[in-house]
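Student: Just dropping this structure here.
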Number of protein chains: 2
Amino acid sequence: MALDIAAASLQQARALAEAQAWPNVGQLQADIYALPFPPAGFDHLFISYLLEHLPDPLGGLLALKKGLKPGGSVVVVEGDHGSCYFHPATAEAQRAWQALITVQAALGGNSLIGRELYPLLRQAGFQNVVVSPRMVYIDHSQPELMDLFVRRTINPMVEGVKEQAMAMGLLDQAAWQKGIDDLYRLADSPAGTFCYTFFKAVAVKPLERGEE
Amino acid sequence: MALDIAAASLQQARALAEAQAWPNVGQLQADIYALPFPPAGFDHLFISYLLEHLPDPLGGLLALKKGLKPGGSVVVVEGDHGSCYFHPATAEAQRAWQALITVQAALGGNSLIGRELYPLLRQAGFQNVVVSPRMVYIDHSQPELMDLFVRRTINPMVEGVKEQAMAMGLLDQAAWQKGIDDLYRLADSPAGTFCYTFFKAVAVKPLERGEE
């Protein structure tokens, strides 16, 4: 069951499931804080790049946990934009990256949530919480990975907040453009390196249901 | 052969070697930019937390490489203070950590050098350069590691630059003390998490000696 509040995203999910001829993938439009499921119906939750966008990630986790069977498991995968650093680290490239964090915070999200998965899952009452970082390190010995990750994933993501960053006055037009250009130059340069870390958490809903 | 420019450090190394009854460890006081060795005499170099302190890390690498036999290998281990992030990330704790980076830069070093090992070794003419990050992630599921790494290693290191940070006006006394207190509270808190990444590089000096 794929769940989203945005109809457009579900449309994409449906098209993908049809194109791949996946027979057992349902789509449902719903608000995570008011889920239309009976309690304790699911065996497993997979939560990916969701909590970073929620104004109340703990509330979201608690709402999802209600739908999970006691003894059921959860996997959470989130990034942490504060884990990102690179070389050469020009002032403008760092400011453009920082704008991504600031814009997401202004939208009510928290792009630094990866480092918080352990306390969040504990506070939500999960047990056996194990968090492991998944660090991406790229240098010029892996030009294909640099292309895929920096040029085609990271840089477009940064460019995606240009309008909001300008509107918030985080950088002027020239500084923004130099920051973006520097990030693309880094991806081309034999001296360029790039680091980013994802966090994966696994945990279990306790068999005792006292906390619900 | 343990090499250092500081007599006090060599004294410690000598005492350790004697206490452990290591028969084959020599100590030599020397300037890394003017090493008293014939060229191409060593089979292997082990460089650890050195380049971060050099005003000219490339020059240091080149000087050390002269002493290495063609086909000889090198291992370099350095940290990267820009790889550090934590939760809770109070403004004062972040400023205290940033002071460590600023003070080391003012002393002519570069505590962000881990991310630069690949281009540095390539620029120094090494081949088969492979850099791998060694990330330390700690949450409250590992209280002993939190104690060893944050309370007994990281926090004293930050506290060590207090005098210079005050002299440089990076923080006032109250902000500094709150930053340090916050770092110790983090180590105690069930919600505290801490991340730091070391970088290890291995490489080989080419058999062709044209670049020397």
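In the structure tokens, chains take letters A, B, ... by order of appearance, with residues numbered from 1 within each chain and ligands from 1 in the order shown.
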Please return, as a PDB file with all heavy atoms, in the first residue's frame, all residues of chain B lying within 9 Å of chain A when only C-alpha atoms are considered.
Tutor:
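File result.pdb, as written:
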```
ATOM      1  N   GLY B  82      34.977  19.176   9.535  1.00  0.00           N
ATOM      2  CA  GLY B  82      33.727  19.546   8.881  1.00  0.00           C
ATOM      3  C   GLY B  82      32.763  18.369   8.755  1.00  0.00           C
ATOM      4  O   GLY B  82      31.614  18.546   8.363  1.00  0.00           O
ATOM      5  N   SER B  83      33.222  17.185   9.110  1.00  0.00           N
ATOM      6  CA  SER B  83      32.375  15.983   9.060  1.00  0.00           C
ATOM      7  C   SER B  83      31.600  15.792  10.355  1.00  0.00           C
ATOM      8  O   SER B  83      30.860  14.824  10.493  1.00  0.00           O
ATOM      9  CB  SER B  83      33.246  14.750   8.840  1.00  0.00           C
ATOM     10  OG  SER B  83      33.926  14.401  10.046  1.00  0.00           O
ATOM     11  N   CYS B  84      31.797  16.708  11.295  1.00  0.00           N
ATOM     12  CA  CYS B  84      31.209  16.544  12.631  1.00  0.00           C
ATOM     13  C   CYS B  84      29.829  17.198  12.707  1.00  0.00           C
ATOM     14  O   CYS B  84      29.673  18.356  12.326  1.00  0.00           O
ATOM     15  CB  CYS B  84      32.147  17.168  13.658  1.00  0.00           C
ATOM     16  SG  CYS B  84      31.532  17.051  15.341  1.00  0.00           S
ATOM     17  N   TYR B  85      28.851  16.443  13.167  1.00  0.00           N
ATOM     18  CA  TYR B  85      27.541  17.017  13.472  1.00  0.00           C
ATOM     19  C   TYR B  85      26.922  16.183  14.563  1.00  0.00           C
ATOM     20  O   TYR B  85      27.340  15.051  14.808  1.00  0.00           O
ATOM     21  CB  TYR B  85      26.648  17.108  12.224  1.00  0.00           C
ATOM     22  CG  TYR B  85      26.552  15.856  11.399  1.00  0.00           C
ATOM     23  CD1 TYR B  85      25.447  15.021  11.478  1.00  0.00           C
ATOM     24  CD2 TYR B  85      27.571  15.497  10.525  1.00  0.00           C
ATOM     25  CE1 TYR B  85      25.353  13.868  10.708  1.00  0.00           C
ATOM     26  CE2 TYR B  85      27.486  14.349   9.761  1.00  0.00           C
ATOM     27  CZ  TYR B  85      26.380  13.541   9.856  1.00  0.00           C
ATOM     28  OH  TYR B  85      26.303  12.395   9.104  1.00  0.00           O
ATOM     29  N   PHE B  86      25.960  16.764  15.234  1.00  0.00           N
ATOM     30  CA  PHE B  86      25.470  16.109  16.448  1.00  0.00           C
ATOM     31  C   PHE B  86      24.070  16.597  16.761  1.00  0.00           C
ATOM     32  O   PHE B  86      23.547  17.520  16.132  1.00  0.00           O
ATOM     33  CB  PHE B  86      26.421  16.389  17.630  1.00  0.00           C
ATOM     34  CG  PHE B  86      26.948  17.798  17.702  1.00  0.00           C
ATOM     35  CD1 PHE B  86      26.186  18.809  18.270  1.00  0.00           C
ATOM     36  CD2 PHE B  86      28.200  18.124  17.179  1.00  0.00           C
ATOM     37  CE1 PHE B  86      26.657  20.109  18.338  1.00  0.00           C
ATOM     38  CE2 PHE B  86      28.682  19.435  17.238  1.00  0.00           C
ATOM     39  CZ  PHE B  86      27.912  20.427  17.821  1.00  0.00           C
ATOM     40  N   HIS B  87      23.451  15.932  17.731  1.00  0.00           N
ATOM     41  CA  HIS B  87      22.117  16.277  18.199  1.00  0.00           C
ATOM     42  C   HIS B  87      22.082  16.106  19.709  1.00  0.00           C
ATOM     43  O   HIS B  87      22.558  15.088  20.192  1.00  0.00           O
ATOM     44  CB  HIS B  87      21.065  15.393  17.535  1.00  0.00           C
ATOM     45  CG  HIS B  87      19.675  15.586  18.058  1.00  0.00           C
ATOM     46  ND1 HIS B  87      18.905  16.669  17.710  1.00  0.00           N
ATOM     47  CD2 HIS B  87      18.933  14.859  18.944  1.00  0.00           C
ATOM     48  CE1 HIS B  87      17.735  16.592  18.333  1.00  0.00           C
ATOM     49  NE2 HIS B  87      17.738  15.511  19.097  1.00  0.00           N
ATOM     50  N   PRO B  88      21.536  17.037  20.476  1.00  0.00           N
ATOM     51  CA  PRO B  88      21.001  18.333  20.028  1.00  0.00           C
ATOM     52  C   PRO B  88      22.137  19.264  19.575  1.00  0.00           C
ATOM     53  O   PRO B  88      23.186  19.309  20.215  1.00  0.00           O
ATOM     54  CB  PRO B  88      20.310  18.908  21.278  1.00  0.00           C
ATOM     55  CG  PRO B  88      20.202  17.764  22.252  1.00  0.00           C
ATOM     56  CD  PRO B  88      21.318  16.824  21.927  1.00  0.00           C
ATOM     57  N   ARG B 115      38.724  15.251   3.521  1.00  0.00           N
ATOM     58  CA  ARG B 115      38.060  15.215   2.210  1.00  0.00           C
ATOM     59  C   ARG B 115      39.020  15.510   1.067  1.00  0.00           C
ATOM     60  O   ARG B 115      38.655  15.335  -0.104  1.00  0.00           O
ATOM     61  CB  ARG B 115      36.910  16.227   2.194  1.00  0.00           C
ATOM     62  CG  ARG B 115      37.359  17.666   2.100  1.00  0.00           C
ATOM     63  CD  ARG B 115      36.276  18.663   2.357  1.00  0.00           C
ATOM     64  NE  ARG B 115      35.905  18.736   3.762  1.00  0.00           N
ATOM     65  CZ  ARG B 115      35.055  19.639   4.277  1.00  0.00           C
ATOM     66  NH1 ARG B 115      34.488  20.520   3.475  1.00  0.00           N
ATOM     67  NH2 ARG B 115      34.786  19.648   5.558  1.00  0.00           N
ATOM     68  N   GLU B 116      40.232  15.992   1.390  1.00  0.00           N
ATOM     69  CA  GLU B 116      41.188  16.370   0.341  1.00  0.00           C
ATOM     70  C   GLU B 116      42.278  15.325   0.114  1.00  0.00           C
ATOM     71  O   GLU B 116      43.198  15.556  -0.683  1.00  0.00           O
ATOM     72  CB  GLU B 116      41.856  17.708   0.691  1.00  0.00           C
ATOM     73  CG  GLU B 116      40.910  18.881   0.700  1.00  0.00           C
ATOM     74  CD  GLU B 116      41.656  20.211   0.855  1.00  0.00           C
ATOM     75  OE1 GLU B 116      42.726  20.370   0.240  1.00  0.00           O
ATOM     76  OE2 GLU B 116      41.154  21.079   1.612  1.00  0.00           O
ATOM     77  N   TYR B 118      42.358  12.462  -1.396  1.00  0.00           N
ATOM     78  CA  TYR B 118      42.475  11.922  -2.754  1.00  0.00           C
ATOM     79  C   TYR B 118      43.204  12.895  -3.688  1.00  0.00           C
ATOM     80  O   TYR B 118      44.231  12.523  -4.273  1.00  0.00           O
ATOM     81  CB  TYR B 118      41.097  11.531  -3.306  1.00  0.00           C
ATOM     82  CG  TYR B 118      41.176  10.917  -4.678  1.00  0.00           C
ATOM     83  CD1 TYR B 118      41.420   9.567  -4.849  1.00  0.00           C
ATOM     84  CD2 TYR B 118      41.036  11.713  -5.815  1.00  0.00           C
ATOM     85  CE1 TYR B 118      41.529   9.009  -6.111  1.00  0.00           C
ATOM     86  CE2 TYR B 118      41.139  11.170  -7.077  1.00  0.00           C
ATOM     87  CZ  TYR B 118      41.381   9.815  -7.225  1.00  0.00           C
ATOM     88  OH  TYR B 118      41.495   9.280  -8.482  1.00  0.00           O
ATOM     89  N   PRO B 119      42.719  14.142  -3.821  1.00  0.00           N
ATOM     90  CA  PRO B 119      43.464  15.034  -4.715  1.00  0.00           C
ATOM     91  C   PRO B 119      44.898  15.312  -4.237  1.00  0.00           C
ATOM     92  O   PRO B 119      45.807  15.432  -5.071  1.00  0.00           O
ATOM     93  CB  PRO B 119      42.619  16.314  -4.756  1.00  0.00           C
ATOM     94  CG  PRO B 119      41.640  16.201  -3.634  1.00  0.00           C
ATOM     95  CD  PRO B 119      41.444  14.741  -3.372  1.00  0.00           C
ATOM     96  N   LEU B 120      45.137  15.377  -2.938  1.00  0.00           N
ATOM     97  CA  LEU B 120      46.504  15.631  -2.461  1.00  0.00           C
ATOM     98  C   LEU B 120      47.457  14.508  -2.871  1.00  0.00           C
ATOM     99  O   LEU B 120      48.566  14.767  -3.354  1.00  0.00           O
ATOM    100  CB  LEU B 120      46.522  15.770  -0.935  1.00  0.00           C
ATOM    101  CG  LEU B 120      46.184  17.147  -0.371  1.00  0.00           C
ATOM    102  CD1 LEU B 120      46.025  17.072   1.145  1.00  0.00           C
ATOM    103  CD2 LEU B 120      47.292  18.158  -0.735  1.00  0.00           C
ATOM    104  N   ARG B 122      47.072  12.363  -5.282  1.00  0.00           N
ATOM    105  CA  ARG B 122      47.221  12.358  -6.735  1.00  0.00           C
ATOM    106  C   ARG B 122      48.173  13.462  -7.184  1.00  0.00           C
ATOM    107  O   ARG B 122      49.041  13.242  -8.037  1.00  0.00           O
ATOM    108  CB  ARG B 122      45.843  12.546  -7.404  1.00  0.00           C
ATOM    109  CG  ARG B 122      44.889  11.382  -7.171  1.00  0.00           C
ATOM    110  CD  ARG B 122      45.225  10.181  -8.008  1.00  0.00           C
ATOM    111  NE  ARG B 122      44.942  10.426  -9.421  1.00  0.00           N
ATOM    112  CZ  ARG B 122      45.438   9.715 -10.425  1.00  0.00           C
ATOM    113  NH1 ARG B 122      46.268   8.713 -10.185  1.00  0.00           N
ATOM    114  NH2 ARG B 122      45.120   9.987 -11.661  1.00  0.00           N
ATOM    115  N   GLN B 123      47.988  14.663  -6.591  1.00  0.00           N
ATOM    116  CA  GLN B 123      48.865  15.779  -6.961  1.00  0.00           C
ATOM    117  C   GLN B 123      50.313  15.500  -6.583  1.00  0.00           C
ATOM    118  O   GLN B 123      51.243  15.983  -7.230  1.00  0.00           O
ATOM    119  CB  GLN B 123      48.388  17.074  -6.288  1.00  0.00           C
ATOM    120  CG  GLN B 123      47.160  17.689  -6.962  1.00  0.00           C
ATOM    121  CD  GLN B 123      46.370  18.610  -6.048  1.00  0.00           C
ATOM    122  OE1 GLN B 123      46.924  19.257  -5.151  1.00  0.00           O
ATOM    123  NE2 GLN B 123      45.066  18.668  -6.258  1.00  0.00           N
ATOM    124  N   VAL B 129      45.521   5.339  -5.799  1.00  0.00           N
ATOM    125  CA  VAL B 129      45.024   6.010  -4.600  1.00  0.00           C
ATOM    126  C   VAL B 129      43.604   5.527  -4.298  1.00  0.00           C
ATOM    127  O   VAL B 129      42.708   5.629  -5.140  1.00  0.00           O
ATOM    128  CB  VAL B 129      45.021   7.544  -4.779  1.00  0.00           C
ATOM    129  CG1 VAL B 129      44.504   8.215  -3.502  1.00  0.00           C
ATOM    130  CG2 VAL B 129      46.411   8.046  -5.149  1.00  0.00           C
ATOM    131  N   VAL B 130      43.406   4.983  -3.120  1.00  0.00           N
ATOM    132  CA  VAL B 130      42.072   4.573  -2.674  1.00  0.00           C
ATOM    133  C   VAL B 130      41.807   5.217  -1.317  1.00  0.00           C
ATOM    134  O   VAL B 130      42.540   4.984  -0.352  1.00  0.00           O
ATOM    135  CB  VAL B 130      41.953   3.042  -2.556  1.00  0.00           C
ATOM    136  CG1 VAL B 130      40.577   2.655  -2.005  1.00  0.00           C
ATOM    137  CG2 VAL B 130      42.190   2.375  -3.908  1.00  0.00           C
ATOM    138  N   VAL B 131      40.768   6.038  -1.271  1.00  0.00           N
ATOM    139  CA  VAL B 131      40.387   6.713  -0.028  1.00  0.00           C
ATOM    140  C   VAL B 131      39.084   6.104   0.482  1.00  0.00           C
ATOM    141  O   VAL B 131      38.137   5.928  -0.286  1.00  0.00           O
ATOM    142  CB  VAL B 131      40.208   8.226  -0.245  1.00  0.00           C
ATOM    143  CG1 VAL B 131      39.661   8.898   1.017  1.00  0.00           C
ATOM    144  CG2 VAL B 131      41.532   8.864  -0.660  1.00  0.00           C
ATOM    145  N   SER B 132      39.052   5.781   1.748  1.00  0.00           N
ATOM    146  CA  SER B 132      37.808   5.259   2.334  1.00  0.00           C
ATOM    147  C   SER B 132      37.490   6.007   3.617  1.00  0.00           C
ATOM    148  O   SER B 132      38.356   6.219   4.459  1.00  0.00           O
ATOM    149  CB  SER B 132      37.923   3.763   2.609  1.00  0.00           C
ATOM    150  OG  SER B 132      39.047   3.478   3.395  1.00  0.00           O
ATOM    151  N   PRO B 133      36.225   6.448   3.749  1.00  0.00           N
ATOM    152  CA  PRO B 133      35.820   7.124   4.978  1.00  0.00           C
ATOM    153  C   PRO B 133      35.591   6.106   6.083  1.00  0.00           C
ATOM    154  O   PRO B 133      35.157   4.984   5.823  1.00  0.00           O
ATOM    155  CB  PRO B 133      34.514   7.809   4.586  1.00  0.00           C
ATOM    156  CG  PRO B 133      33.954   6.953   3.506  1.00  0.00           C
ATOM    157  CD  PRO B 133      35.129   6.363   2.771  1.00  0.00           C
ATOM    158  N   MET B 135      33.450   6.311   9.265  1.00  0.00           N
ATOM    159  CA  MET B 135      32.523   7.164   9.995  1.00  0.00           C
ATOM    160  C   MET B 135      32.223   6.611  11.383  1.00  0.00           C
ATOM    161  O   MET B 135      31.944   5.426  11.545  1.00  0.00           O
ATOM    162  CB  MET B 135      31.215   7.300   9.208  1.00  0.00           C
ATOM    163  CG  MET B 135      30.193   8.171   9.920  1.00  0.00           C
ATOM    164  SD  MET B 135      28.754   8.487   8.889  1.00  0.00           S
ATOM    165  CE  MET B 135      27.710   9.317  10.098  1.00  0.00           C
ATOM    166  N   VAL B 136      32.283   7.492  12.351  1.00  0.00           N
ATOM    167  CA  VAL B 136      31.871   7.166  13.713  1.00  0.00           C
ATOM    168  C   VAL B 136      30.468   7.740  13.918  1.00  0.00           C
ATOM    169  O   VAL B 136      30.278   8.955  13.801  1.00  0.00           O
ATOM    170  CB  VAL B 136      32.839   7.772  14.742  1.00  0.00           C
ATOM    171  CG1 VAL B 136      32.366   7.479  16.163  1.00  0.00           C
ATOM    172  CG2 VAL B 136      34.254   7.248  14.520  1.00  0.00           C
ATOM    173  N   TYR B 137      29.500   6.866  14.174  1.00  0.00           N
ATOM    174  CA  TYR B 137      28.142   7.305  14.525  1.00  0.00           C
ATOM    175  C   TYR B 137      27.825   6.735  15.905  1.00  0.00           C
ATOM    176  O   TYR B 137      27.986   5.535  16.130  1.00  0.00           O
ATOM    177  CB  TYR B 137      27.116   6.801  13.504  1.00  0.00           C
ATOM    178  CG  TYR B 137      25.705   6.851  14.052  1.00  0.00           C
ATOM    179  CD1 TYR B 137      25.031   8.062  14.154  1.00  0.00           C
ATOM    180  CD2 TYR B 137      25.079   5.697  14.528  1.00  0.00           C
ATOM    181  CE1 TYR B 137      23.756   8.119  14.701  1.00  0.00           C
ATOM    182  CE2 TYR B 137      23.802   5.744  15.073  1.00  0.00           C
ATOM    183  CZ  TYR B 137      23.146   6.962  15.158  1.00  0.00           C
ATOM    184  OH  TYR B 137      21.897   7.017  15.710  1.00  0.00           O
ATOM    185  N   ASP B 139      24.969   6.697  19.156  1.00  0.00           N
ATOM    186  CA  ASP B 139      23.754   7.106  19.858  1.00  0.00           C
ATOM    187  C   ASP B 139      23.746   6.420  21.217  1.00  0.00           C
ATOM    188  O   ASP B 139      24.730   5.788  21.615  1.00  0.00           O
ATOM    189  CB  ASP B 139      22.503   6.806  19.026  1.00  0.00           C
ATOM    190  CG  ASP B 139      22.378   5.339  18.654  1.00  0.00           C
ATOM    191  OD1 ASP B 139      22.751   4.474  19.482  1.00  0.00           O
ATOM    192  OD2 ASP B 139      21.913   5.044  17.541  1.00  0.00           O
ATOM    193  N   HIS B 140      22.645   6.564  21.919  1.00  0.00           N
ATOM    194  CA  HIS B 140      22.611   6.116  23.315  1.00  0.00           C
ATOM    195  C   HIS B 140      22.578   4.591  23.451  1.00  0.00           C
ATOM    196  O   HIS B 140      22.634   4.065  24.569  1.00  0.00           O
ATOM    197  CB  HIS B 140      21.415   6.743  24.029  1.00  0.00           C
ATOM    198  CG  HIS B 140      21.579   6.813  25.510  1.00  0.00           C
ATOM    199  ND1 HIS B 140      22.541   7.597  26.124  1.00  0.00           N
ATOM    200  CD2 HIS B 140      20.929   6.181  26.527  1.00  0.00           C
ATOM    201  CE1 HIS B 140      22.458   7.450  27.430  1.00  0.00           C
ATOM    202  NE2 HIS B 140      21.487   6.594  27.711  1.00  0.00           N
ATOM    203  N   SER B 141      22.488   3.871  22.321  1.00  0.00           N
ATOM    204  CA  SER B 141      22.599   2.414  22.414  1.00  0.00           C
ATOM    205  C   SER B 141      24.043   1.992  22.680  1.00  0.00           C
ATOM    206  O   SER B 141      24.308   0.829  22.965  1.00  0.00           O
ATOM    207  CB  SER B 141      22.084   1.750  21.130  1.00  0.00           C
ATOM    208  OG  SER B 141      22.913   2.054  20.029  1.00  0.00           O
ATOM    209  N   PRO B 190      19.838  10.584  26.687  1.00  0.00           N
ATOM    210  CA  PRO B 190      19.349   9.464  25.870  1.00  0.00           C
ATOM    211  C   PRO B 190      19.049   9.882  24.432  1.00  0.00           C
ATOM    212  O   PRO B 190      19.008   9.050  23.541  1.00  0.00           O
ATOM    213  CB  PRO B 190      18.050   9.038  26.571  1.00  0.00           C
ATOM    214  CG  PRO B 190      18.121   9.624  27.933  1.00  0.00           C
ATOM    215  CD  PRO B 190      18.972  10.848  27.849  1.00  0.00           C
ATOM    216  N   ALA B 191      18.848  11.183  24.215  1.00  0.00           N
ATOM    217  CA  ALA B 191      18.544  11.675  22.863  1.00  0.00           C
ATOM    218  C   ALA B 191      19.796  12.083  22.094  1.00  0.00           C
ATOM    219  O   ALA B 191      19.714  12.414  20.916  1.00  0.00           O
ATOM    220  CB  ALA B 191      17.590  12.869  22.946  1.00  0.00           C
ATOM    221  N   GLY B 192      20.964  12.073  22.745  1.00  0.00           N
ATOM    222  CA  GLY B 192      22.172  12.581  22.101  1.00  0.00           C
ATOM    223  C   GLY B 192      22.709  11.674  21.012  1.00  0.00           C
ATOM    224  O   GLY B 192      22.727  10.456  21.158  1.00  0.00           O
ATOM    225  N   THR B 193      23.118  12.265  19.905  1.00  0.00           N
ATOM    226  CA  THR B 193      23.823  11.512  18.852  1.00  0.00           C
ATOM    227  C   THR B 193      25.019  12.335  18.388  1.00  0.00           C
ATOM    228  O   THR B 193      25.037  13.567  18.509  1.00  0.00           O
ATOM    229  CB  THR B 193      22.923  11.190  17.639  1.00  0.00           C
ATOM    230  OG1 THR B 193      22.576  12.410  16.965  1.00  0.00           O
ATOM    231  CG2 THR B 193      21.662  10.457  18.047  1.00  0.00           C
ATOM    232  N   PHE B 194      26.023  11.639  17.841  1.00  0.00           N
ATOM    233  CA  PHE B 194      27.273  12.317  17.454  1.00  0.00           C
ATOM    234  C   PHE B 194      27.869  11.595  16.247  1.00  0.00           C
ATOM    235  O   PHE B 194      27.919  10.368  16.215  1.00  0.00           O
ATOM    236  CB  PHE B 194      28.265  12.281  18.629  1.00  0.00           C
ATOM    237  CG  PHE B 194      29.399  13.244  18.470  1.00  0.00           C
ATOM    238  CD1 PHE B 194      29.312  14.520  19.009  1.00  0.00           C
ATOM    239  CD2 PHE B 194      30.547  12.888  17.769  1.00  0.00           C
ATOM    240  CE1 PHE B 194      30.349  15.430  18.846  1.00  0.00           C
ATOM    241  CE2 PHE B 194      31.581  13.794  17.595  1.00  0.00           C
ATOM    242  CZ  PHE B 194      31.485  15.067  18.149  1.00  0.00           C
ATOM    243  N   CYS B 195      28.331  12.387  15.286  1.00  0.00           N
ATOM    244  CA  CYS B 195      28.925  11.839  14.065  1.00  0.00           C
ATOM    245  C   CYS B 195      30.269  12.515  13.769  1.00  0.00           C
ATOM    246  O   CYS B 195      30.399  13.739  13.897  1.00  0.00           O
ATOM    247  CB  CYS B 195      28.008  12.075  12.861  1.00  0.00           C
ATOM    248  SG  CYS B 195      26.391  11.307  12.998  1.00  0.00           S
TER     249      CYS B 195
END
```
Student: For Asp181 of chain A, list every protein, DNA or RNA residue within 9 Å, evaluated using only C-alpha atoms, and leave out those in the same chain fewer than 5 positions away; present the list as a list of chain:residue names.
Tutor: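 Once the nearby chain positions are removed, what remains is A:Ala93, A:Trp176, A:Leu186.
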Student: Residues of segment 18-201 of chain B in strand (DSSP E) according to DSSP, as a VMD selection string?
Tutor: chain B and resid 27 to 29 42 to 48 68 to 79 85 to 87 127 to 138 193 to 201
Student: For a test of reading the model, state the distance in Å between atom CA of Leu3 of chain B and atom CA of Ile32 of chain B, rounded to one decimal.
Tutor: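 Taking atom CA of Leu3 of chain B and atom CA of Ile32 of chain B, their separation equals 8.3 Å.
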Student: Could you give me, as a ChimeraX atom specification, the residues within 9 Å of segment 155-169 of chain A, counting only C-alpha atoms and dropping anything in the same chain fewer than 5 positions from it?
Tutor: /A:96-97,99-100,102-104,149-150,176,180,183-184
Student: Emit the selected residues as a compact mmCIF listing (two decimals), in the first residue's frame, including all heavy atoms.
Tutor:
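Result saved to result.txt:
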```
# COMPACT_ATOMS: atom_id res chain seq x y z
N ALA A 96 24.84 28.06 -1.09
CA ALA A 96 23.74 27.49 -1.89
C ALA A 96 23.23 26.21 -1.20
O ALA A 96 22.01 26.00 -1.10
CB ALA A 96 24.21 27.19 -3.31
N TRP A 97 24.15 25.39 -0.71
CA TRP A 97 23.74 24.18 -0.01
C TRP A 97 22.96 24.54 1.26
O TRP A 97 21.92 23.94 1.56
CB TRP A 97 24.94 23.31 0.35
CG TRP A 97 24.50 22.07 1.06
CD1 TRP A 97 24.50 21.86 2.40
CD2 TRP A 97 23.91 20.92 0.47
NE1 TRP A 97 23.96 20.63 2.69
CE2 TRP A 97 23.58 20.02 1.53
CE3 TRP A 97 23.61 20.54 -0.84
CZ2 TRP A 97 22.98 18.79 1.30
CZ3 TRP A 97 23.03 19.31 -1.06
CH2 TRP A 97 22.71 18.45 -0.01
N ALA A 99 21.22 27.09 1.78
CA ALA A 99 19.90 27.60 1.39
C ALA A 99 18.88 26.47 1.30
O ALA A 99 17.71 26.63 1.67
CB ALA A 99 19.99 28.35 0.06
N LEU A 100 19.33 25.31 0.84
CA LEU A 100 18.46 24.14 0.75
C LEU A 100 17.93 23.78 2.14
O LEU A 100 16.73 23.49 2.32
CB LEU A 100 19.28 22.98 0.18
CG LEU A 100 18.59 21.67 -0.14
CD1 LEU A 100 17.58 21.83 -1.25
CD2 LEU A 100 19.63 20.62 -0.54
N THR A 102 17.77 25.82 4.79
CA THR A 102 16.96 26.91 5.32
C THR A 102 15.57 26.92 4.69
O THR A 102 14.57 27.14 5.38
CB THR A 102 17.68 28.25 5.05
OG1 THR A 102 19.00 28.18 5.61
CG2 THR A 102 16.93 29.41 5.70
N VAL A 103 15.51 26.68 3.38
CA VAL A 103 14.20 26.68 2.70
C VAL A 103 13.34 25.54 3.22
O VAL A 103 12.14 25.72 3.51
CB VAL A 103 14.39 26.57 1.17
CG1 VAL A 103 13.07 26.21 0.48
CG2 VAL A 103 14.95 27.87 0.61
N GLN A 104 13.93 24.36 3.38
CA GLN A 104 13.15 23.22 3.88
C GLN A 104 12.64 23.48 5.29
O GLN A 104 11.51 23.11 5.64
CB GLN A 104 13.98 21.93 3.82
CG GLN A 104 13.14 20.69 4.14
CD GLN A 104 13.76 19.41 3.62
OE1 GLN A 104 14.57 19.44 2.69
NE2 GLN A 104 13.39 18.27 4.20
N PHE A 149 25.38 10.99 -8.74
CA PHE A 149 24.97 11.51 -7.43
C PHE A 149 25.05 13.03 -7.37
O PHE A 149 24.10 13.69 -6.94
CB PHE A 149 25.85 10.89 -6.33
CG PHE A 149 25.30 11.10 -4.95
CD1 PHE A 149 24.22 10.34 -4.50
CD2 PHE A 149 25.84 12.04 -4.09
CE1 PHE A 149 23.70 10.53 -3.22
CE2 PHE A 149 25.32 12.24 -2.82
CZ PHE A 149 24.25 11.49 -2.38
N VAL A 150 26.16 13.60 -7.79
CA VAL A 150 26.33 15.05 -7.64
C VAL A 150 25.65 15.79 -8.79
O VAL A 150 24.79 16.65 -8.59
CB VAL A 150 27.82 15.44 -7.53
CG1 VAL A 150 27.97 16.95 -7.42
CG2 VAL A 150 28.43 14.75 -6.31
N TRP A 176 24.29 33.06 -5.99
CA TRP A 176 23.60 31.80 -6.26
C TRP A 176 24.18 31.11 -7.49
O TRP A 176 24.52 29.93 -7.45
CB TRP A 176 22.10 32.06 -6.45
CG TRP A 176 21.36 30.82 -6.84
CD1 TRP A 176 21.06 30.40 -8.10
CD2 TRP A 176 20.90 29.81 -5.95
NE1 TRP A 176 20.42 29.20 -8.05
CE2 TRP A 176 20.30 28.80 -6.75
CE3 TRP A 176 20.93 29.64 -4.56
CZ2 TRP A 176 19.74 27.65 -6.20
CZ3 TRP A 176 20.36 28.50 -4.01
CH2 TRP A 176 19.79 27.52 -4.83
N ILE A 180 26.06 27.44 -7.68
CA ILE A 180 25.62 26.33 -8.53
C ILE A 180 26.74 25.94 -9.51
O ILE A 180 27.05 24.75 -9.68
CB ILE A 180 24.33 26.71 -9.30
CG1 ILE A 180 23.19 26.97 -8.29
CG2 ILE A 180 23.95 25.64 -10.30
CD1 ILE A 180 22.75 25.75 -7.51
N LEU A 183 29.37 23.94 -7.83
CA LEU A 183 29.00 22.54 -7.56
C LEU A 183 29.13 21.69 -8.83
O LEU A 183 29.51 20.53 -8.77
CB LEU A 183 27.56 22.47 -7.02
CG LEU A 183 27.41 22.95 -5.56
CD1 LEU A 183 25.93 23.08 -5.18
CD2 LEU A 183 28.11 21.99 -4.59
N TYR A 184 28.82 22.28 -9.98
CA TYR A 184 29.01 21.53 -11.23
C TYR A 184 30.50 21.39 -11.57
O TYR A 184 30.93 20.34 -12.06
CB TYR A 184 28.23 22.19 -12.39
CG TYR A 184 26.77 21.82 -12.38
CD1 TYR A 184 25.80 22.69 -11.90
CD2 TYR A 184 26.35 20.56 -12.83
CE1 TYR A 184 24.46 22.35 -11.87
CE2 TYR A 184 25.01 20.21 -12.80
CZ TYR A 184 24.07 21.10 -12.33
OH TYR A 184 22.74 20.74 -12.28
```
Student: Can you pull out every residue from segment 23-143 of chain A that DSSP, working from the backbone, puts in alpha helix (DSSP H), and format the result as a VMD selection string?
Tutor: chain A and resid 57 to 66 91 to 106 117 to 123 143
